[in-house]
Amino acid sequence: MRSIYIKEITAFFNSLTGYLAIGLFLLATGLLLWVFPDTSVLAHGYASLDSFFQLSPYLFMFFIPAITMRSIAGERSDGTWQLLLTRPVSMHHILLGKFLGSLTIVLLALIPTTVYYLTIYQLATPVGNVDTGAIVGSYIGLTLLGAAFSAVGVFASALNKNVIVAFLVALFGCFLLFYGFESASGLTAFSNMAYGIASLGIQSHFDAISRGVLDSRDLVYFFSVIFVFLAAAYAWLLRDRWAVKAMMTRIVMMVSGIIVINLFAAWFFGRIDLTADKRFTLSPISIKTIKELRAPLHVTVLLDGDLPAGFERLKRAAIDMLHDMKRYAPGMLSFSVVDPLTGNTQQQRENTDALAQHGVMPTNLNVRTDAGFSQQLVYPAALVTVDDTDIPVSLLQNRMNQSHEAALNNSIQNLEYALVSAIRKAAGGGRPLIGFTEGHGEPDNLKLYDAIQSLMSSYQVGFVNLDSITIGGLNRLGALIIAKPTKPFSETEKYKINHYVMGGGSVIWAIDQLDAHLDSLRSDGQQTAVARHLQLDDLLFTYGIRFNYDLIADLNSAQIPLTMGGTANQTPIELAHWPLYPVFVPNDDQPIVKNLDGIRSEFAGTLDTIAVPGIDKTILLASSPFSRVLPVPATFSLQMAAMQPDPESFGNQRYTVATLLEGEFPSVFADRPVPAGIPEGMATPRRGKPAKMIAIADGDVFSGQVNPTDGSPYPLGWDRYTEQQYGNKTFLLNAVDYLTDDGAIIDLRAKELKLRLLNGVKVQEERVLWQWINVALPCIILLLVAIGQHQMRKRKYL
C-alpha cells in the first residue's frame with residue numbers, strides 16, 4: 001500500500017496537469033476571497049476566514065474530481081491495471097493507497113492557503129485578534145470534506161475507463177451528496193422529514209464542523225461516507241469474483257452496520273467547541289428547554305436577502321444557533337429563513353401588515369455604496385411558532401453611542417437568550433399574564449401605550465384593579481407592575497399584594513414618593529415637592545425596601561427646552577440639561593441591565609435596602625458620582641437648568657435608584673388581622689415561597705412622552721426634545737423576562753463574544769498589497785515547489 005500511496009502522489013506531481021489543477025484552485029480561491037467584492041474578506045471587515053470555508057466546498061467539487069479521475073480509470077485506460085493486479089497486494093490496499101494519495105494531494109494544496117490566516121492575523125485590530133481555534137476546527141472540517149469527496153472520486157474512477165467520464169461522474173456525485181439532500185429537504189413534499197433528509201447530505205455536517213465545532217455525530221457521518229464509497233468501489237472491482245447472493249448479503253450487512261453506528265452516535269454523542277469564546281456551546285438550560293419540547297416548533301428567521309456584511313453575520317449566527325438547537329431535538333424543532341420584502345408590492349404590503357400585527361417592525365439601514373449611501377429595509381427578527389401561538393423575537397440589540405459592529409456583536413451575544421426565552425414561552429402554552437395596577441392615579445393609557453405594546457409581543461397584558469380582583473385572579477399573573485401610583489392603597493389591596501408575593505408572585509415597584517411636575521414649574525417658575533402618602537411604607541419595609549422622600553439632582557441628565565432671553569418679537573428656545581431628569585447609565589454585568597443604554601427618568605428619588613434574612617439584593621441602577629440629594633420639602637426652579645451648575649455642590653457619591661430583591665419574603669400580615677373584604681380563614685404564612693421583585697425610585701421610568709401636536713404616544717424611552725432613544729423599553733422587557741422566567745434564562749444575556757474586526761485604515765491603505773500577496777504568493781509557493789521537484793528529478797535521473 002505504501003508504494004501505491006507514494007506512486008499516486010509522485011505521478012500527480014510529475015505531470016504539468018497536476019500543478020495546473022492546484023494552481024487554478026489557488027488562483028480561483030485567492031480571487032474570490034481577496035479581490036471580488038461580493039465574497040472578499042477585506043470588504044466584510046471581520047477578522048475571520050468564514051468566506052473561505054463557505055466557498056471551498058464548491059471549489060472542491062471541481063478540484064478533487066480532477067485529482068481522482070486518473071486514480072483507477074487512468075490505470076485501466078493505460079493498460080496498467082491488470083499489471084497492478086498481478087502484484088502481491090490486495091484490492092483494499094490498492095484502494096486505500098489511491099484514496100490516501102488523493103487526500104494527501106488535497107492537503108498539500110491547502111498548505112499555501114495558510115497565507116490567508118497570516119494575513120488576517122496581521123490585519124486584525126489589534127494584531128493577532130483572531131479566533132485561531134475556530135480556524136483550526138474549520139480546517140479539520142475541510143479535511144474531512146476533502147476525504148469524503150476523494151472517496152467519491154475514487155469510486156467514480158472505479159466505475160469507468162474514461163477519465164473524463166470519471167471526472168463528470170465524480171463532479172455530479174459530490175454535488176448531489178453536498179447540495180442535493182439539503183435542497184430536497186426544502187421541498188414541500190418532504191416537509192415532514194426535512195431534518196432526516198438534510199442529515200443524509202454532507203452540507204449540514206460540514207457547516208457544523210466548519211464553524212470550529214467537532215461533534216462525534218459529524219465525525220461518524222464523514223467516516224461512514226468514506227467507508228461506503230470505498231466499499232462500493234471495492235465491491236464493484238471484485239464483482240466478477242463474488243456470487244450475487246454473497247454480494248447482496250455483504251451489502252445488506254454493511255448498510256445495516258452503518259445505520260446502527262450512526263443511530264448509536266445520534267443518541268450518545270459528544271462535542272468539542274474549539275472557538276476561543278465557546279460561542280457554539282449551548283448552556284444547560286437551553287439544552288434542557290430544547291429536549292423538553294413536546295410539540296413540533298418552527299422558527300422563521302426573517303433576516304434574509306441582500307444584506308450588509310454585519311447583518312449577514314447576524315443571520316449566519318442565528319442559523320448556526322438554530323442548527324445547534326435542532327440537534328438536541330431531531331424532528332421537534334425546525335426553522336426556515338425568509339425575506340418578507342420579496343415579491344411584488346402587494347405581497348410586500350401583506351407581509352409587512354401581518355408582521356406588524358405581531359409587533360415586528362422593519363429597521364431602516366443606511367448602507368454605504370460606491371455612490372454614497374442608500375436606504376434598505378430589513379427585518380432583524382424571527383417568529384417562533386407552536387400550533388397557533390406565534391412569539392416574535394427581536395434579533396437586533398441597539399445601544400446609544402455604540403458602533404455598528406459593536407451593536408451587531410451584542411446582538412449575536414444575545415441570540416441564545418432571545419431564542420430560548422421565546423421558545424419557552426411558545427412551548428409553555430402561550431404568553432404569561434402581566435398586570436398593570438389601576439385605580440390609584442397611575443398614568444393613563446396613552447403614556448403607558450408603548451410599554452404595554454412592547455410587552456404584548458411576548459405577554460398578555462392588561463390592567464388590574466386591586467379593589468375588585470379576586471386573590472385567585474391575581475395569582476394567575478406572571479408579574480404585577482405598580483407604575484407611579486399617586487393615591488393611597490387600602491389595607492385590603494395591600495393584603496392581596498402580600499398574598500400574591502407569598503405565593504411566589506413577582507412585582508415591579510416604580511414609585512414616586514414626592515409630587516413634582518415640570519408643567520407647574522413652567523407656569524409658576526418654581527415648585528416645592530411634597531410627600532405622597534401611598535400607605536405602602538410598612539409593606540415595602542417588611543420586604544427590605546425603603547423609598548426615601550427626596551429627589552436626585554444629577555449632572556448626567558436629560559435636556560428640556562427653555563426660553564433664553566430674546567427680544568419682544570423673538571423668544572429663542574434652547575435645550576438645557578435639567579438635573580432633576582437624571583439619566584442612569586448601567587455599568588454592571590447583571591443580565592437585566594447588561595449592555596443597556598442610559599435609562600431616562602423624571603424626578604427620581606433614592607431608595608435604601610434593609611437587611612432581611614433570606615433576601616438577596618442587587619443594585620441595578622444608580623446615579624452618577626456627580627449627583628446630590630434634595631430632601632423633602634424640596635424647592636426647585638427652572639433656574640437650575642438655566643444656570644451653570646457648580647460641580648463642587650455635587651458630591652462624589654452614587655445613590656441607589658433601582659434594586660433587585662430575590663428570596664423568601666416575610667409577610668407583613670403574619671401577626672395582623674385580616675382586613676375587611678378578605679375571605680375568612682385565609683391562611684397568612686409568616687414567610688412566602690421564593691419570589692422576585694424590582695424596586696425603582698422613579699414612577700415615570702415606564703411612561704412614554706406624548707406628541708403635543710396630535711396626541712399620539714412616542715415610543716417608550718424616546719425623548720422628543722433631543723430625538724434620542726434611551727434604554728427604558730429594553731429595561732422593562734428585560735425586567736419582566738427576569739421576573740417571569742427561570743433565572744438561568746436571563747443569565748444567558750451575560751454571554752460574552754469578543755469582537756474581531758479588521759483594521760479599517762490599514763485595509764484601506766494597503767488593500768492592493770494584501771490582494772497581491774494572497775493571490776500571488778500561494779501560486780508562487782506552488783511554482784517554487786514545482787521548480788524544486790523538477791530539479792530533484794533531473795538530478796536523480798540525469
# chains A, B, ... in the order shown; residues from 1 in each chain; ligands from 1
>>> select_by_dssp(residues="stretch 325-394 of chain A", states="helix (DSSP H, G or I)", output="PyMOL selection string")
chain A and resi 325-327+345-357
>>> closest_atom_pairs(of="stretch 205-252 of chain A", to="stretch 323-333 of chain A", cutoff="10 Å", atoms="only C-alpha atoms", output="Markdown table")
| residue | atom | partner | partner_atom | distance |
| --- | --- | --- | --- | --- |
| A:Asp207 | CA | A:His323 | CA | 9.4 |
| A:Ala208 | CA | A:His323 | CA | 7.9 |
| A:Arg217 | CA | A:Arg327 | CA | 9.7 |
>>> write_last_selection(atoms="N, CA and C atoms", output="mmCIF file, in the first residue's frame")
data_model
loop_
_atom_site.group_PDB
_atom_site.id
_atom_site.type_symbol
_atom_site.label_atom_id
_atom_site.label_comp_id
_atom_site.auth_asym_id
_atom_site.auth_seq_id
_atom_site.Cartn_x
_atom_site.Cartn_y
_atom_site.Cartn_z
ATOM 1 N N ASP A 207 -21.100 22.196 7.530
ATOM 2 C CA ASP A 207 -21.373 23.514 8.118
ATOM 3 C C ASP A 207 -21.158 23.495 9.621
ATOM 4 N N ALA A 208 -21.534 22.396 10.273
ATOM 5 C CA ALA A 208 -21.374 22.300 11.725
ATOM 6 C C ALA A 208 -19.898 22.286 12.111
ATOM 7 N N ARG A 217 -21.104 13.035 16.102
ATOM 8 C CA ARG A 217 -22.065 12.621 15.084
ATOM 9 C C ARG A 217 -21.588 12.990 13.689
#
>>> closest_atom_pairs(of="stretch 493-594 of chain A", to="stretch 434-456 of chain A", cutoff="12 Å", atoms="only C-alpha atoms", output="JSON lines")
{"residue": "A:Glu493", "atom": "CA", "partner": "A:Thr437", "partner_atom": "CA", "distance": 10.6}
{"residue": "A:Ile497", "atom": "CA", "partner": "A:Thr437", "partner_atom": "CA", "distance": 10.7}
{"residue": "A:Gly505", "atom": "CA", "partner": "A:Ile434", "partner_atom": "CA", "distance": 11.1}
{"residue": "A:Ser506", "atom": "CA", "partner": "A:Ile434", "partner_atom": "CA", "distance": 10.0}
{"residue": "A:Val507", "atom": "CA", "partner": "A:Gly435", "partner_atom": "CA", "distance": 9.7}
{"residue": "A:Ile508", "atom": "CA", "partner": "A:Phe436", "partner_atom": "CA", "distance": 9.6}
{"residue": "A:Trp509", "atom": "CA", "partner": "A:Thr437", "partner_atom": "CA", "distance": 10.6}
{"residue": "A:Ala510", "atom": "CA", "partner": "A:Glu442", "partner_atom": "CA", "distance": 10.5}
{"residue": "A:Ile511", "atom": "CA", "partner": "A:Glu442", "partner_atom": "CA", "distance": 10.3}
{"residue": "A:Asp512", "atom": "CA", "partner": "A:Glu442", "partner_atom": "CA", "distance": 10.9}
{"residue": "A:Arg532", "atom": "CA", "partner": "A:Gly441", "partner_atom": "CA", "distance": 11.8}
{"residue": "A:His533", "atom": "CA", "partner": "A:His440", "partner_atom": "CA", "distance": 11.5}
{"residue": "A:Leu534", "atom": "CA", "partner": "A:His440", "partner_atom": "CA", "distance": 8.9}
{"residue": "A:Gln535", "atom": "CA", "partner": "A:His440", "partner_atom": "CA", "distance": 11.5}
>>> write_last_selection(atoms="N, CA, C and O atoms", output="PDB file, in the first residue's frame")
ATOM      1  N   GLU A 493     -56.169  45.992  49.637  1.00  0.00           N
ATOM      2  CA  GLU A 493     -55.333  45.902  48.446  1.00  0.00           C
ATOM      3  C   GLU A 493     -53.910  45.474  48.810  1.00  0.00           C
ATOM      4  O   GLU A 493     -53.292  44.661  48.122  1.00  0.00           O
ATOM      5  N   ILE A 497     -51.762  42.113  47.553  1.00  0.00           N
ATOM      6  CA  ILE A 497     -50.391  42.150  47.024  1.00  0.00           C
ATOM      7  C   ILE A 497     -49.494  41.237  47.846  1.00  0.00           C
ATOM      8  O   ILE A 497     -48.696  40.456  47.308  1.00  0.00           O
ATOM      9  N   GLY A 505     -45.285  35.300  43.704  1.00  0.00           N
ATOM     10  CA  GLY A 505     -45.521  36.266  42.635  1.00  0.00           C
ATOM     11  C   GLY A 505     -44.433  37.314  42.539  1.00  0.00           C
ATOM     12  O   GLY A 505     -43.752  37.637  43.520  1.00  0.00           O
ATOM     13  N   SER A 506     -44.241  37.851  41.338  1.00  0.00           N
ATOM     14  CA  SER A 506     -43.206  38.857  41.065  1.00  0.00           C
ATOM     15  C   SER A 506     -43.838  40.233  40.921  1.00  0.00           C
ATOM     16  O   SER A 506     -44.909  40.373  40.310  1.00  0.00           O
ATOM     17  N   VAL A 507     -43.168  41.252  41.448  1.00  0.00           N
ATOM     18  CA  VAL A 507     -43.705  42.612  41.450  1.00  0.00           C
ATOM     19  C   VAL A 507     -42.628  43.591  41.013  1.00  0.00           C
ATOM     20  O   VAL A 507     -41.454  43.442  41.379  1.00  0.00           O
ATOM     21  N   ILE A 508     -43.032  44.570  40.217  1.00  0.00           N
ATOM     22  CA  ILE A 508     -42.176  45.717  39.910  1.00  0.00           C
ATOM     23  C   ILE A 508     -42.803  46.944  40.570  1.00  0.00           C
ATOM     24  O   ILE A 508     -43.963  47.284  40.297  1.00  0.00           O
ATOM     25  N   TRP A 509     -42.053  47.579  41.443  1.00  0.00           N
ATOM     26  CA  TRP A 509     -42.492  48.809  42.107  1.00  0.00           C
ATOM     27  C   TRP A 509     -41.794  49.984  41.432  1.00  0.00           C
ATOM     28  O   TRP A 509     -40.569  50.112  41.501  1.00  0.00           O
ATOM     29  N   ALA A 510     -42.532  50.837  40.770  1.00  0.00           N
ATOM     30  CA  ALA A 510     -41.995  52.082  40.204  1.00  0.00           C
ATOM     31  C   ALA A 510     -42.691  53.227  40.931  1.00  0.00           C
ATOM     32  O   ALA A 510     -43.808  53.632  40.568  1.00  0.00           O
ATOM     33  N   ILE A 511     -42.062  53.737  41.977  1.00  0.00           N
ATOM     34  CA  ILE A 511     -42.728  54.609  42.949  1.00  0.00           C
ATOM     35  C   ILE A 511     -42.097  55.994  42.962  1.00  0.00           C
ATOM     36  O   ILE A 511     -40.866  56.130  42.998  1.00  0.00           O
ATOM     37  N   ASP A 512     -42.944  57.029  42.921  1.00  0.00           N
ATOM     38  CA  ASP A 512     -42.540  58.411  43.198  1.00  0.00           C
ATOM     39  C   ASP A 512     -43.050  58.775  44.583  1.00  0.00           C
ATOM     40  O   ASP A 512     -44.266  58.847  44.805  1.00  0.00           O
ATOM     41  N   ARG A 532     -45.943  62.216  48.964  1.00  0.00           N
ATOM     42  CA  ARG A 532     -47.177  61.485  48.721  1.00  0.00           C
ATOM     43  C   ARG A 532     -47.337  60.441  49.826  1.00  0.00           C
ATOM     44  O   ARG A 532     -46.357  59.863  50.292  1.00  0.00           O
ATOM     45  N   HIS A 533     -48.539  60.175  50.194  1.00  0.00           N
ATOM     46  CA  HIS A 533     -48.798  59.183  51.219  1.00  0.00           C
ATOM     47  C   HIS A 533     -49.529  58.012  50.562  1.00  0.00           C
ATOM     48  O   HIS A 533     -50.752  58.004  50.452  1.00  0.00           O
ATOM     49  N   LEU A 534     -48.748  57.040  50.105  1.00  0.00           N
ATOM     50  CA  LEU A 534     -49.300  55.891  49.396  1.00  0.00           C
ATOM     51  C   LEU A 534     -49.659  54.745  50.329  1.00  0.00           C
ATOM     52  O   LEU A 534     -50.242  53.753  49.880  1.00  0.00           O
ATOM     53  N   GLN A 535     -49.284  54.878  51.607  1.00  0.00           N
ATOM     54  CA  GLN A 535     -49.571  53.846  52.612  1.00  0.00           C
ATOM     55  C   GLN A 535     -48.911  52.515  52.276  1.00  0.00           C
ATOM     56  O   GLN A 535     -49.417  51.446  52.651  1.00  0.00           O
TER      57      GLN A 535
END
>>> select_by_dssp(residues="stretch 231-383 of chain A", states="strand (DSSP E or B)", output="PyMOL selection string")
chain A and resi 271-273+297-301+333-337+363-369+372-378+381-383
>>> residues_around(residues="A:Phe222", least_positions_apart="3", cutoff="7 Å", atoms="only C-alpha atoms", output="PyMOL selection string")
chain A and resi 144+148+218-219+225-226
>>> write_last_selection(atoms="all heavy atoms", output="PDB file, in the first residue's frame")
ATOM      1  N   LEU A 144     -11.977  16.700   6.346  1.00  0.00           N
ATOM      2  CA  LEU A 144     -12.983  15.637   6.281  1.00  0.00           C
ATOM      3  C   LEU A 144     -13.799  15.729   4.994  1.00  0.00           C
ATOM      4  O   LEU A 144     -14.132  14.700   4.384  1.00  0.00           O
ATOM      5  CB  LEU A 144     -13.906  15.725   7.494  1.00  0.00           C
ATOM      6  CG  LEU A 144     -13.259  15.367   8.843  1.00  0.00           C
ATOM      7  CD1 LEU A 144     -14.201  15.715   9.993  1.00  0.00           C
ATOM      8  CD2 LEU A 144     -12.898  13.888   8.882  1.00  0.00           C
ATOM      9  N   ALA A 148     -14.073  12.871   2.089  1.00  0.00           N
ATOM     10  CA  ALA A 148     -15.329  12.340   1.559  1.00  0.00           C
ATOM     11  C   ALA A 148     -15.394  12.496   0.041  1.00  0.00           C
ATOM     12  O   ALA A 148     -15.766  11.547  -0.686  1.00  0.00           O
ATOM     13  CB  ALA A 148     -16.515  13.059   2.216  1.00  0.00           C
ATOM     14  N   ASP A 218     -20.988  14.171  13.569  1.00  0.00           N
ATOM     15  CA  ASP A 218     -20.468  14.592  12.271  1.00  0.00           C
ATOM     16  C   ASP A 218     -19.259  13.758  11.877  1.00  0.00           C
ATOM     17  O   ASP A 218     -19.098  13.390  10.705  1.00  0.00           O
ATOM     18  CB  ASP A 218     -20.097  16.074  12.306  1.00  0.00           C
ATOM     19  CG  ASP A 218     -21.291  16.960  12.581  1.00  0.00           C
ATOM     20  OD1 ASP A 218     -22.371  16.700  12.025  1.00  0.00           O
ATOM     21  OD2 ASP A 218     -21.157  17.914  13.382  1.00  0.00           O
ATOM     22  N   LEU A 219     -18.397  13.469  12.844  1.00  0.00           N
ATOM     23  CA  LEU A 219     -17.222  12.652  12.551  1.00  0.00           C
ATOM     24  C   LEU A 219     -17.634  11.255  12.097  1.00  0.00           C
ATOM     25  O   LEU A 219     -17.094  10.719  11.115  1.00  0.00           O
ATOM     26  CB  LEU A 219     -16.329  12.571  13.790  1.00  0.00           C
ATOM     27  CG  LEU A 219     -15.735  13.900  14.290  1.00  0.00           C
ATOM     28  CD1 LEU A 219     -14.915  13.668  15.559  1.00  0.00           C
ATOM     29  CD2 LEU A 219     -14.873  14.551  13.219  1.00  0.00           C
ATOM     30  N   VAL A 225     -19.409   7.924   5.265  1.00  0.00           N
ATOM     31  CA  VAL A 225     -19.434   8.232   3.830  1.00  0.00           C
ATOM     32  C   VAL A 225     -18.171   7.704   3.158  1.00  0.00           C
ATOM     33  O   VAL A 225     -18.223   7.088   2.071  1.00  0.00           O
ATOM     34  CB  VAL A 225     -19.570   9.757   3.616  1.00  0.00           C
ATOM     35  CG1 VAL A 225     -19.331  10.118   2.146  1.00  0.00           C
ATOM     36  CG2 VAL A 225     -20.946  10.230   4.052  1.00  0.00           C
ATOM     37  N   ILE A 226     -17.033   7.937   3.781  1.00  0.00           N
ATOM     38  CA  ILE A 226     -15.762   7.457   3.208  1.00  0.00           C
ATOM     39  C   ILE A 226     -15.787   5.935   3.076  1.00  0.00           C
ATOM     40  O   ILE A 226     -15.424   5.372   2.032  1.00  0.00           O
ATOM     41  CB  ILE A 226     -14.591   7.918   4.097  1.00  0.00           C
ATOM     42  CG1 ILE A 226     -14.473   9.440   4.063  1.00  0.00           C
ATOM     43  CG2 ILE A 226     -13.281   7.265   3.635  1.00  0.00           C
ATOM     44  CD1 ILE A 226     -13.548  10.010   5.122  1.00  0.00           C
TER      45      ILE A 226
END
>>> residues_around(residues="A:Thr275", least_positions_apart="5", cutoff="7 Å", atoms="only C-alpha atoms", output="list of chain:residue names")
A:Asp131, A:Gly133, A:Ala134, A:Gly212
>>> residues_around(residues="A:Pro666", least_positions_apart="4", cutoff="8 Å", atoms="only C-alpha atoms", output="ChimeraX atom specification")
/A:502,542-543,686-688
>>> residues_around(residues="stretch 633-635 of chain A", least_positions_apart="4", cutoff="6 Å", atoms="only C-alpha atoms", output="list in words")
Gln527, Thr528, Ala529 and Val530 of chain A
>>> residues_around(residues="A:Leu716", least_positions_apart="5", cutoff="8 Å", atoms="only C-alpha atoms", output="list in words")
Asp450, Ala451, Phe702, Ser703, Gly704, Gln705, Asn728 and Lys729 of chain A
>>> write_last_selection(atoms="N, CA, C and O atoms", output="mmCIF file, in the first residue's frame")
data_model
loop_
_atom_site.group_PDB
_atom_site.id
_atom_site.type_symbol
_atom_site.label_atom_id
_atom_site.label_comp_id
_atom_site.auth_asym_id
_atom_site.auth_seq_id
_atom_site.Cartn_x
_atom_site.Cartn_y
_atom_site.Cartn_z
ATOM 1 N N ASP A 450 -46.866 52.471 24.816
ATOM 2 C CA ASP A 450 -45.765 51.711 24.212
ATOM 3 C C ASP A 450 -45.212 50.672 25.169
ATOM 4 O O ASP A 450 -44.747 49.614 24.720
ATOM 5 N N ALA A 451 -45.267 50.930 26.462
ATOM 6 C CA ALA A 451 -44.844 49.913 27.429
ATOM 7 C C ALA A 451 -45.717 48.667 27.283
ATOM 8 O O ALA A 451 -45.223 47.532 27.263
ATOM 9 N N PHE A 702 -41.403 54.006 33.144
ATOM 10 C CA PHE A 702 -42.121 53.228 32.138
ATOM 11 C C PHE A 702 -43.209 54.045 31.441
ATOM 12 O O PHE A 702 -44.055 53.494 30.748
ATOM 13 N N SER A 703 -43.187 55.360 31.622
ATOM 14 C CA SER A 703 -44.168 56.252 30.974
ATOM 15 C C SER A 703 -43.518 56.901 29.759
ATOM 16 O O SER A 703 -42.403 57.435 29.853
ATOM 17 N N GLY A 704 -44.214 56.855 28.640
ATOM 18 C CA GLY A 704 -43.697 57.467 27.429
ATOM 19 C C GLY A 704 -44.197 58.887 27.251
ATOM 20 O O GLY A 704 -45.190 59.304 27.862
ATOM 21 N N GLN A 705 -43.523 59.647 26.419
ATOM 22 C CA GLN A 705 -43.943 61.011 26.121
ATOM 23 C C GLN A 705 -45.051 60.999 25.063
ATOM 24 O O GLN A 705 -45.229 60.025 24.331
ATOM 25 N N ASN A 728 -35.121 52.651 28.223
ATOM 26 C CA ASN A 728 -36.234 52.316 29.117
ATOM 27 C C ASN A 728 -37.021 51.097 28.648
ATOM 28 O O ASN A 728 -37.418 50.246 29.453
ATOM 29 N N LYS A 729 -37.264 51.007 27.346
ATOM 30 C CA LYS A 729 -38.060 49.890 26.833
ATOM 31 C C LYS A 729 -37.344 48.562 27.047
ATOM 32 O O LYS A 729 -37.946 47.592 27.531
#
>>> atom_distance(atom1="atom CA of A:Ser77", atom2="atom CA of A:Pro57")
29.2 Å
>>> closest_atom_pairs(of="stretch 482-570 of chain A", to="stretch 668-677 of chain A", cutoff="7 Å", atoms="only C-alpha atoms", output="JSON lines")
{"residue": "A:Glu491", "atom": "CA", "partner": "A:Pro675", "partner_atom": "CA", "distance": 6.1}
{"residue": "A:Thr492", "atom": "CA", "partner": "A:Pro675", "partner_atom": "CA", "distance": 5.4}
{"residue": "A:Leu539", "atom": "CA", "partner": "A:Val668", "partner_atom": "CA", "distance": 6.0}
{"residue": "A:Thr542", "atom": "CA", "partner": "A:Val668", "partner_atom": "CA", "distance": 6.0}
>>> write_last_selection(atoms="N, CA, C and O atoms", output="JSON list (two decimals), in the first residue's frame")
[["chain", "number", "residue", "atom", "x", "y", "z"],
["A", 491, "GLU", "N", -55.86, 48.73, 53.00],
["A", 491, "GLU", "CA", -55.31, 47.54, 53.64],
["A", 491, "GLU", "C", -55.71, 46.27, 52.89],
["A", 491, "GLU", "O", -54.93, 45.31, 52.81],
["A", 492, "THR", "N", -56.91, 46.27, 52.33],
["A", 492, "THR", "CA", -57.35, 45.10, 51.56],
["A", 492, "THR", "C", -56.47, 44.90, 50.34],
["A", 492, "THR", "O", -56.06, 43.77, 50.02],
["A", 539, "LEU", "N", -45.43, 47.89, 54.13],
["A", 539, "LEU", "CA", -45.35, 46.69, 53.29],
["A", 539, "LEU", "C", -43.95, 46.56, 52.68],
["A", 539, "LEU", "O", -43.31, 45.51, 52.75],
["A", 542, "THR", "N", -41.09, 45.79, 55.22],
["A", 542, "THR", "CA", -41.04, 44.37, 55.59],
["A", 542, "THR", "C", -40.29, 43.55, 54.55],
["A", 542, "THR", "O", -39.58, 42.59, 54.88]]
>>> closest_residue(among="A:Gly310, A:Pro37, A:Pro778, A:Pro488", to="A:Leu110", atoms="only C-alpha atoms")
A:Pro778
>>> closest_residue(among="A:Ile787, A:Gly504, A:Met247, A:Gly760", to="A:Pro690", atoms="only C-alpha atoms")
A:Gly504
>>> closest_residue(among="A:His517, A:Arg211, A:Arg431, A:Lys754", to="A:Ile135", atoms="only C-alpha atoms")
A:Arg211
